[in-house]
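Chemist: One file: start04.cif (mmCIF, N, CA and C atoms).
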```cif
data_work
loop_
_atom_site.label_atom_id
_atom_site.label_comp_id
_atom_site.auth_asym_id
_atom_site.auth_seq_id
_atom_site.Cartn_x
_atom_site.Cartn_y
_atom_site.Cartn_z
N MET G 208 0.83 -1.19 0.00
CA MET G 208 0.00 0.00 0.00
C MET G 208 0.87 1.25 0.00
N ALA G 209 0.65 2.08 -0.93
CA ALA G 209 1.44 3.30 -1.02
C ALA G 209 0.98 4.30 0.03
N GLY G 210 1.93 5.00 0.61
CA GLY G 210 1.59 6.05 1.56
C GLY G 210 1.44 5.58 2.99
N PHE G 211 1.52 4.29 3.23
CA PHE G 211 1.38 3.77 4.59
C PHE G 211 2.69 3.13 5.02
N GLU G 212 3.09 3.43 6.23
CA GLU G 212 4.32 2.86 6.76
C GLU G 212 3.96 1.94 7.91
N GLN G 213 4.35 0.68 7.81
CA GLN G 213 4.10 -0.28 8.86
C GLN G 213 5.16 -0.14 9.93
N LYS G 214 4.74 -0.05 11.17
CA LYS G 214 5.66 0.09 12.28
C LYS G 214 5.62 -1.20 13.10
N ASP G 215 6.77 -1.82 13.26
CA ASP G 215 6.85 -3.05 14.04
C ASP G 215 6.84 -2.70 15.52
N ARG G 216 5.76 -3.05 16.21
CA ARG G 216 5.62 -2.75 17.63
C ARG G 216 5.80 -3.97 18.50
N SER G 217 6.25 -5.07 17.94
CA SER G 217 6.40 -6.30 18.72
C SER G 217 7.40 -6.13 19.85
N SER G 218 8.48 -5.41 19.62
CA SER G 218 9.47 -5.22 20.69
C SER G 218 8.93 -4.31 21.78
N GLU G 219 8.08 -3.34 21.43
CA GLU G 219 7.47 -2.46 22.42
C GLU G 219 6.55 -3.25 23.34
N ARG G 220 5.78 -4.17 22.79
CA ARG G 220 4.80 -4.91 23.56
C ARG G 220 5.46 -5.92 24.50
N GLN G 221 6.70 -6.30 24.23
CA GLN G 221 7.39 -7.24 25.09
C GLN G 221 7.93 -6.58 26.34
N THR G 222 8.02 -5.25 26.35
CA THR G 222 8.50 -4.53 27.51
C THR G 222 7.45 -4.64 28.61
N ALA G 223 7.90 -4.82 29.84
CA ALA G 223 6.96 -5.00 30.95
C ALA G 223 6.03 -3.81 31.06
N PRO G 224 4.71 -4.06 31.15
CA PRO G 224 3.77 -2.95 31.26
C PRO G 224 3.89 -2.20 32.58
N CYS G 225 4.55 -2.78 33.55
CA CYS G 225 4.69 -2.13 34.86
C CYS G 225 5.62 -0.93 34.81
N GLU G 226 6.28 -0.69 33.68
CA GLU G 226 7.14 0.48 33.56
C GLU G 226 6.37 1.77 33.82
N ILE G 227 5.08 1.75 33.54
CA ILE G 227 4.30 2.98 33.72
C ILE G 227 4.09 3.29 35.19
N LEU G 228 4.40 2.36 36.08
CA LEU G 228 4.24 2.62 37.51
C LEU G 228 5.02 3.84 37.95
N ARG G 229 6.11 4.13 37.29
CA ARG G 229 6.88 5.32 37.65
C ARG G 229 6.12 6.60 37.33
N LEU G 230 5.08 6.50 36.48
CA LEU G 230 4.31 7.67 36.10
C LEU G 230 3.32 8.08 37.20
N VAL G 231 2.94 7.14 38.02
CA VAL G 231 1.96 7.41 39.07
C VAL G 231 2.65 7.14 40.39
N GLN G 232 3.20 8.18 40.96
CA GLN G 232 3.98 8.05 42.18
C GLN G 232 3.06 7.93 43.38
N PRO G 233 3.34 7.01 44.32
CA PRO G 233 2.52 6.89 45.52
C PRO G 233 2.46 8.21 46.29
N ARG G 234 1.29 8.46 46.87
CA ARG G 234 1.11 9.68 47.65
C ARG G 234 2.04 9.68 48.85
N GLY G 235 2.63 10.83 49.11
CA GLY G 235 3.48 10.97 50.28
C GLY G 235 4.92 10.55 50.08
N PHE G 236 5.29 10.16 48.89
CA PHE G 236 6.66 9.73 48.63
C PHE G 236 7.35 10.72 47.71
N GLY G 237 7.74 11.86 48.21
CA GLY G 237 8.47 12.85 47.42
C GLY G 237 7.58 13.58 46.45
N GLN G 238 8.20 14.26 45.53
CA GLN G 238 7.47 15.04 44.54
C GLN G 238 7.48 14.32 43.19
N ALA G 239 6.33 14.25 42.57
CA ALA G 239 6.24 13.66 41.24
C ALA G 239 6.76 14.68 40.22
N LEU G 240 7.49 14.21 39.25
CA LEU G 240 7.99 15.08 38.19
C LEU G 240 6.86 15.36 37.21
N PRO G 241 6.77 16.60 36.71
CA PRO G 241 5.75 16.88 35.72
C PRO G 241 6.03 16.07 34.45
N MET G 242 4.98 15.54 33.86
CA MET G 242 5.14 14.71 32.68
C MET G 242 4.06 15.07 31.67
N ILE G 243 4.43 15.10 30.44
CA ILE G 243 3.49 15.39 29.37
C ILE G 243 3.19 14.09 28.63
N PHE G 244 1.93 13.84 28.41
CA PHE G 244 1.49 12.67 27.65
C PHE G 244 1.02 13.14 26.29
N HIS G 245 1.28 12.33 25.27
CA HIS G 245 0.87 12.64 23.91
C HIS G 245 -0.11 11.58 23.45
N VAL G 246 -1.21 12.03 22.87
CA VAL G 246 -2.22 11.12 22.32
C VAL G 246 -2.21 11.31 20.81
N HIS G 247 -2.09 10.21 20.08
CA HIS G 247 -2.05 10.26 18.61
C HIS G 247 -3.13 9.35 18.05
N ALA G 248 -3.73 9.79 16.97
CA ALA G 248 -4.69 8.98 16.22
C ALA G 248 -4.45 9.25 14.74
N TYR G 249 -4.71 8.25 13.94
CA TYR G 249 -4.47 8.38 12.51
C TYR G 249 -5.79 8.32 11.75
N VAL G 250 -5.99 9.30 10.88
CA VAL G 250 -7.17 9.36 10.02
C VAL G 250 -6.67 9.54 8.60
N ASP G 251 -6.87 8.53 7.80
CA ASP G 251 -6.38 8.54 6.42
C ASP G 251 -4.88 8.86 6.43
N ASP G 252 -4.48 9.96 5.84
CA ASP G 252 -3.07 10.33 5.79
C ASP G 252 -2.70 11.37 6.85
N HIS G 253 -3.62 11.64 7.75
CA HIS G 253 -3.41 12.70 8.74
C HIS G 253 -3.24 12.13 10.14
N VAL G 254 -2.47 12.85 10.93
CA VAL G 254 -2.25 12.46 12.33
C VAL G 254 -2.90 13.52 13.22
N LEU G 255 -3.76 13.08 14.12
CA LEU G 255 -4.31 13.98 15.13
C LEU G 255 -3.45 13.86 16.36
N LYS G 256 -3.10 14.99 16.96
CA LYS G 256 -2.25 14.98 18.14
C LYS G 256 -2.87 15.82 19.24
N SER G 257 -2.68 15.38 20.46
CA SER G 257 -3.13 16.13 21.61
C SER G 257 -2.13 15.89 22.74
N THR G 258 -1.97 16.86 23.60
CA THR G 258 -1.10 16.68 24.76
C THR G 258 -1.94 16.81 26.02
N ALA G 259 -1.48 16.15 27.07
CA ALA G 259 -2.18 16.18 28.35
C ALA G 259 -1.14 16.21 29.47
N LYS G 260 -1.50 16.87 30.57
CA LYS G 260 -0.59 16.99 31.69
C LYS G 260 -0.66 15.79 32.63
N THR G 261 -1.75 15.03 32.56
CA THR G 261 -1.89 13.86 33.44
C THR G 261 -2.28 12.63 32.62
N ALA G 262 -2.03 11.49 33.20
CA ALA G 262 -2.40 10.23 32.56
C ALA G 262 -3.92 10.14 32.41
N LYS G 263 -4.63 10.64 33.40
CA LYS G 263 -6.09 10.61 33.37
C LYS G 263 -6.63 11.43 32.20
N GLU G 264 -6.07 12.62 31.98
CA GLU G 264 -6.49 13.47 30.86
C GLU G 264 -6.18 12.81 29.52
N ALA G 265 -5.02 12.19 29.42
CA ALA G 265 -4.62 11.52 28.18
C ALA G 265 -5.56 10.35 27.88
N PHE G 266 -5.88 9.58 28.92
CA PHE G 266 -6.78 8.45 28.75
C PHE G 266 -8.17 8.93 28.33
N ALA G 267 -8.65 10.01 28.96
CA ALA G 267 -9.97 10.55 28.61
C ALA G 267 -10.01 11.01 27.15
N LYS G 268 -8.95 11.67 26.70
CA LYS G 268 -8.90 12.12 25.31
C LYS G 268 -8.89 10.93 24.35
N ALA G 269 -8.13 9.91 24.67
CA ALA G 269 -8.06 8.72 23.82
C ALA G 269 -9.43 8.04 23.72
N ILE G 270 -10.11 7.92 24.86
CA ILE G 270 -11.45 7.31 24.86
C ILE G 270 -12.43 8.17 24.08
N GLU G 271 -12.35 9.48 24.26
CA GLU G 271 -13.23 10.39 23.51
C GLU G 271 -13.04 10.21 22.01
N TRP G 272 -11.80 10.18 21.56
CA TRP G 272 -11.54 10.00 20.14
C TRP G 272 -12.03 8.65 19.65
N HIS G 273 -11.88 7.63 20.47
CA HIS G 273 -12.26 6.27 20.07
C HIS G 273 -13.78 6.12 20.01
N VAL G 274 -14.48 6.62 21.03
CA VAL G 274 -15.93 6.43 21.11
C VAL G 274 -16.68 7.46 20.28
N VAL G 275 -16.42 8.73 20.53
CA VAL G 275 -17.17 9.79 19.84
C VAL G 275 -16.70 9.96 18.40
N GLY G 276 -15.39 10.00 18.23
CA GLY G 276 -14.84 10.22 16.89
C GLY G 276 -14.72 8.97 16.07
N ARG G 277 -14.92 7.81 16.71
CA ARG G 277 -14.81 6.51 16.04
C ARG G 277 -13.48 6.34 15.32
N LEU G 278 -12.43 6.85 15.96
CA LEU G 278 -11.10 6.72 15.39
C LEU G 278 -10.48 5.41 15.84
N THR G 279 -9.57 4.91 15.05
CA THR G 279 -8.85 3.69 15.41
C THR G 279 -7.36 3.99 15.43
N ASP G 280 -6.58 3.02 15.85
CA ASP G 280 -5.12 3.15 15.92
C ASP G 280 -4.72 4.36 16.76
N ILE G 281 -5.30 4.44 17.96
CA ILE G 281 -5.00 5.52 18.89
C ILE G 281 -3.91 5.05 19.84
N SER G 282 -2.95 5.92 20.10
CA SER G 282 -1.88 5.56 21.03
C SER G 282 -1.66 6.69 22.03
N ILE G 283 -1.19 6.31 23.21
CA ILE G 283 -0.85 7.26 24.26
C ILE G 283 0.63 7.06 24.55
N SER G 284 1.39 8.15 24.51
CA SER G 284 2.83 8.06 24.71
C SER G 284 3.25 8.88 25.92
N ASP G 285 4.20 8.34 26.68
CA ASP G 285 4.76 9.07 27.82
C ASP G 285 6.13 9.65 27.48
N GLY G 286 6.50 9.58 26.23
CA GLY G 286 7.80 10.07 25.80
C GLY G 286 8.83 8.96 25.66
N ASN G 287 8.60 7.86 26.34
CA ASN G 287 9.49 6.70 26.26
C ASN G 287 8.86 5.55 25.49
N ARG G 288 7.57 5.41 25.59
CA ARG G 288 6.88 4.26 25.02
C ARG G 288 5.47 4.65 24.62
N SER G 289 4.95 4.01 23.60
CA SER G 289 3.56 4.23 23.19
C SER G 289 2.72 3.04 23.64
N TYR G 290 1.52 3.34 24.12
CA TYR G 290 0.59 2.33 24.61
C TYR G 290 -0.71 2.40 23.83
N SER G 291 -1.32 1.25 23.60
CA SER G 291 -2.68 1.25 23.06
C SER G 291 -3.60 1.63 24.22
N ILE G 292 -4.86 1.89 23.93
CA ILE G 292 -5.80 2.25 24.99
C ILE G 292 -5.91 1.12 26.00
N ALA G 293 -6.00 -0.11 25.53
CA ALA G 293 -6.13 -1.26 26.43
C ALA G 293 -4.89 -1.43 27.31
N GLU G 294 -3.71 -1.30 26.72
CA GLU G 294 -2.48 -1.41 27.51
C GLU G 294 -2.40 -0.32 28.57
N PHE G 295 -2.74 0.90 28.16
CA PHE G 295 -2.66 2.03 29.08
C PHE G 295 -3.62 1.84 30.25
N ALA G 296 -4.83 1.38 29.96
CA ALA G 296 -5.81 1.14 31.02
C ALA G 296 -5.31 0.08 31.99
N SER G 297 -4.71 -0.96 31.46
CA SER G 297 -4.20 -2.06 32.28
C SER G 297 -3.07 -1.60 33.20
N VAL G 298 -2.11 -0.90 32.65
CA VAL G 298 -0.98 -0.49 33.48
C VAL G 298 -1.37 0.60 34.47
N MET G 299 -2.34 1.44 34.12
CA MET G 299 -2.81 2.44 35.08
C MET G 299 -3.55 1.76 36.24
N ALA G 300 -4.29 0.69 35.95
CA ALA G 300 -4.94 -0.07 37.03
C ALA G 300 -3.89 -0.69 37.94
N LEU G 301 -2.82 -1.23 37.36
CA LEU G 301 -1.74 -1.79 38.17
C LEU G 301 -1.08 -0.71 39.02
N ALA G 302 -0.95 0.49 38.47
CA ALA G 302 -0.36 1.60 39.21
C ALA G 302 -1.24 1.99 40.39
N GLU G 303 -2.55 2.01 40.19
CA GLU G 303 -3.47 2.35 41.28
C GLU G 303 -3.41 1.30 42.39
N ILE G 304 -3.30 0.04 42.00
CA ILE G 304 -3.18 -1.04 43.00
C ILE G 304 -1.89 -0.86 43.79
N ALA G 305 -0.80 -0.57 43.11
CA ALA G 305 0.48 -0.34 43.79
C ALA G 305 0.39 0.85 44.74
N ASN G 306 -0.28 1.92 44.32
CA ASN G 306 -0.45 3.10 45.18
C ASN G 306 -1.27 2.77 46.41
N THR G 307 -2.32 1.98 46.23
CA THR G 307 -3.17 1.59 47.36
C THR G 307 -2.38 0.76 48.36
N GLU G 308 -1.58 -0.18 47.85
CA GLU G 308 -0.77 -1.01 48.74
C GLU G 308 0.27 -0.16 49.47
N ALA G 309 0.90 0.78 48.77
CA ALA G 309 1.92 1.63 49.39
C ALA G 309 1.29 2.51 50.46
N SER G 310 0.10 3.05 50.19
CA SER G 310 -0.59 3.88 51.18
C SER G 310 -0.98 3.06 52.41
N ALA G 311 -1.43 1.83 52.19
CA ALA G 311 -1.81 0.96 53.31
C ALA G 311 -0.59 0.63 54.17
N GLU G 312 0.54 0.36 53.54
CA GLU G 312 1.76 0.07 54.29
C GLU G 312 2.26 1.30 55.05
N GLN G 313 2.11 2.46 54.43
CA GLN G 313 2.55 3.69 55.07
C GLN G 313 1.68 4.01 56.29
N ASN G 314 0.39 3.75 56.21
CA ASN G 314 -0.53 4.07 57.29
C ASN G 314 -0.59 2.97 58.35
N ARG G 315 -0.11 1.80 58.08
CA ARG G 315 -0.18 0.67 59.01
C ARG G 315 0.53 0.95 60.34
N PRO G 316 1.75 1.48 60.36
CA PRO G 316 2.40 1.73 61.67
C PRO G 316 1.64 2.72 62.55
N GLU G 317 0.93 3.67 61.95
CA GLU G 317 0.16 4.63 62.73
C GLU G 317 -1.01 3.96 63.43
N ALA G 318 -1.59 2.94 62.82
CA ALA G 318 -2.73 2.24 63.40
C ALA G 318 -2.33 1.40 64.60
N ASN G 319 -1.07 0.99 64.65
CA ASN G 319 -0.59 0.13 65.75
C ASN G 319 -0.15 0.94 66.97
N ARG G 320 -0.12 2.24 66.90
CA ARG G 320 0.35 3.08 68.02
C ARG G 320 -0.70 3.24 69.07
#
```
Could you take the file, read its structure, and then write that structure out as structure tokens?

Modeler:
Amino acid sequence: MAGFEQKDRSSERQTAPCEILRLVQPRGFGQALPMIFHVHAYVDDHVLKSTAKTAKEAFAKAIEWHVVGRLTDISISDGNRSYSIAEFASVMALAEIANTEASAEQNRPEANR
């Protein structure tokens, strides 16, 4: 097909999805670094781009484009790696679980006093 470039993402998908855990820092553990997320979607020969200051905003934009705009091939990038909507949702859920566990461990010694 002329005009289309196939990108091999097999090596990206083999990287552990838990890498995104660094994007969602547990509460009370230092200062989180500001991070910009990029959302990309492809329509014919055009690329739609949006930036977001938080993972939640980036995910919301990706879902909006997918559901309302009926766009496909949407990706969310943190500057190091691109995620599909499903991958991003999965790793963000893992990050929330890790944050909950870290908060519980942090608050546990206070309950024993």

Chemist: Can you tell me how far atom N of G:Tyr249 sits from atom N of G:Glu294, in Å to one decimal?

Modeler: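 Taking atom N of G:Tyr249 and atom N of G:Glu294, their separation equals 16.0 Å.
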
Chemist: What would the selection look like, as a list of chain:residue names, if the PyMOL selection byres ((chain G and resi 283-287) around 6.5) were run on the coordinates I just shared?

Modeler: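 Applying the PyMOL selection byres ((chain G and resi 283-287) around 6.5) to the structure shown produces G:Ile243, G:Phe244, G:His245, G:Val246, G:His247, G:Ile281, G:Ser282, G:Arg288, G:Ser289, G:Tyr290, G:Ser291, G:Ile292.
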
Chemist: How would the residues just picked look written out with N, CA and C atoms as a compact mmCIF listing (two decimals), in the frame of the given file?

Modeler:
```
# COMPACT_ATOMS: atom_id res chain seq x y z
N ILE G 243 4.43 15.10 30.44
CA ILE G 243 3.49 15.39 29.37
C ILE G 243 3.19 14.09 28.63
N PHE G 244 1.93 13.84 28.41
CA PHE G 244 1.49 12.67 27.65
C PHE G 244 1.02 13.14 26.29
N HIS G 245 1.28 12.33 25.27
CA HIS G 245 0.87 12.64 23.91
C HIS G 245 -0.11 11.58 23.45
N VAL G 246 -1.21 12.03 22.87
CA VAL G 246 -2.22 11.12 22.32
C VAL G 246 -2.21 11.31 20.81
N HIS G 247 -2.09 10.21 20.08
CA HIS G 247 -2.05 10.26 18.61
C HIS G 247 -3.13 9.35 18.05
N ILE G 281 -5.30 4.44 17.96
CA ILE G 281 -5.00 5.52 18.89
C ILE G 281 -3.91 5.05 19.84
N SER G 282 -2.95 5.92 20.10
CA SER G 282 -1.88 5.56 21.03
C SER G 282 -1.66 6.69 22.03
N ARG G 288 7.57 5.41 25.59
CA ARG G 288 6.88 4.26 25.02
C ARG G 288 5.47 4.65 24.62
N SER G 289 4.95 4.01 23.60
CA SER G 289 3.56 4.23 23.19
C SER G 289 2.72 3.04 23.64
N TYR G 290 1.52 3.34 24.12
CA TYR G 290 0.59 2.33 24.61
C TYR G 290 -0.71 2.40 23.83
N SER G 291 -1.32 1.25 23.60
CA SER G 291 -2.68 1.25 23.06
C SER G 291 -3.60 1.63 24.22
N ILE G 292 -4.86 1.89 23.93
CA ILE G 292 -5.80 2.25 24.99
C ILE G 292 -5.91 1.12 26.00
```

Chemist: Which value, in Å to one decimal, gives the distance between atom CA of G:Ala248 and atom CA of G:Asp280?

Modeler: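 Computing it gives 5.9 Å between the two atoms.
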
Chemist: So how far away is atom C of G:Ala259 from atom CA of G:Ala305, in Å?

Modeler: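 Value for the atom CA of G:Ala305-atom C of G:Ala259 distance: 21.9 Å.
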
Chemist: Enclose stretch 291-302 of chain G, meaning all of its atoms listed in the file, in a box aligned along x, y and z, pad it by 5 Å on each side, and list the centre and edge lengths in Å to one decimal, as JSON.

Modeler:
```
{"center_x": -3.2, "center_y": 0.2, "center_z": 31.7, "size_x": 15.8, "size_y": 14.5, "size_z": 27.3}
```

Chemist: Measuring between only C-alpha atoms, which one of G:Val250, G:Met242, G:Asn314, G:Ala296 shows the shortest distance to G:Arg277?

Modeler: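 Closest candidate: G:Val250.
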
Chemist: Pick the closest to G:Ala302 from G:Thr279, G:Trp272, G:Ser257, G:Ala262: which is it, counting only C-alpha atoms?

Modeler: G:Ala262
